[in-house]
Amino acid sequence: MVNSNLGRARQQGVVLIAALVMVLVVSGVAVTLMSSSSVDMKVINAAQEYDEALTSVYADASRAIYEEIKVNGATNFTKPNLAPSPTDGSKPDDEKVDLTAAGAKASLSLLKAPGVPSPTNCSRKRSAHDTSTQIKCSRDLRVVSSVAYGKNNRHTVSVVAGIEQESL
């Protein structure tokens, strides 16, 4: 009987150490899983902020084009280019006109290619029966919209929308 009590006394310390090792292993696994889930949440939040900013930029560009046509009578779209031609033979810069839109978060500008617009075939569908139309389009106008997003507005998303105008 003395021998069996002596063996139990030795085993009680081993069980305690084994239990502490198991607690440490389980705690390590839990900490690893929690840290990887927080990284996943940051990635998901960044993707959501980008999608939200991109949608906002597209909406602001469409709103600016709509308001320019409906409110201002498309005066900025039809004005001749005001940028002077350089005298040194270099290519002139694009003309830039700032646009505004009600409630817009993005900065909006209208870019016009310098010089005479170059007419090209329109990309819209024409009637299958009408082969004699000589409608040409000018693609020299672009609406550039950009917005900052993310923590401390560190990131920027920009959209360039081309405007096609018919000309005869």
# chains A, B, ... in the order shown; residues from 1 in each chain; ligands from 1
>>> residues_around(residues="Asp60 of chain A", least_positions_apart="6", cutoff="7 Å", atoms="only C-alpha atoms", output="ChimeraX atom specification")
/A:101,104,106
>>> residues_around(residues="segment 152-154 of chain A", least_positions_apart="5", cutoff="12 Å", atoms="only C-alpha atoms", output="JSON, numbers by chain")
{"A": [46, 49, 50, 53, 146, 147]}
>>> atom_distance(atom1="atom CA of Asp40 of chain A", atom2="atom CA of Tyr58 of chain A")
27.3 Å
>>> atom_distance(atom1="atom CA of Ala30 of chain A", atom2="atom CA of Gly150 of chain A")
29.4 Å
>>> atom_distance(atom1="atom CA of Arg63 of chain A", atom2="atom CA of Ser107 of chain A")
12.2 Å
>>> closest_residue(among="A:Asp140, A:Asp51, A:Glu67, A:Glu164", to="Glu95 of chain A", atoms="only C-alpha atoms")
A:Asp140
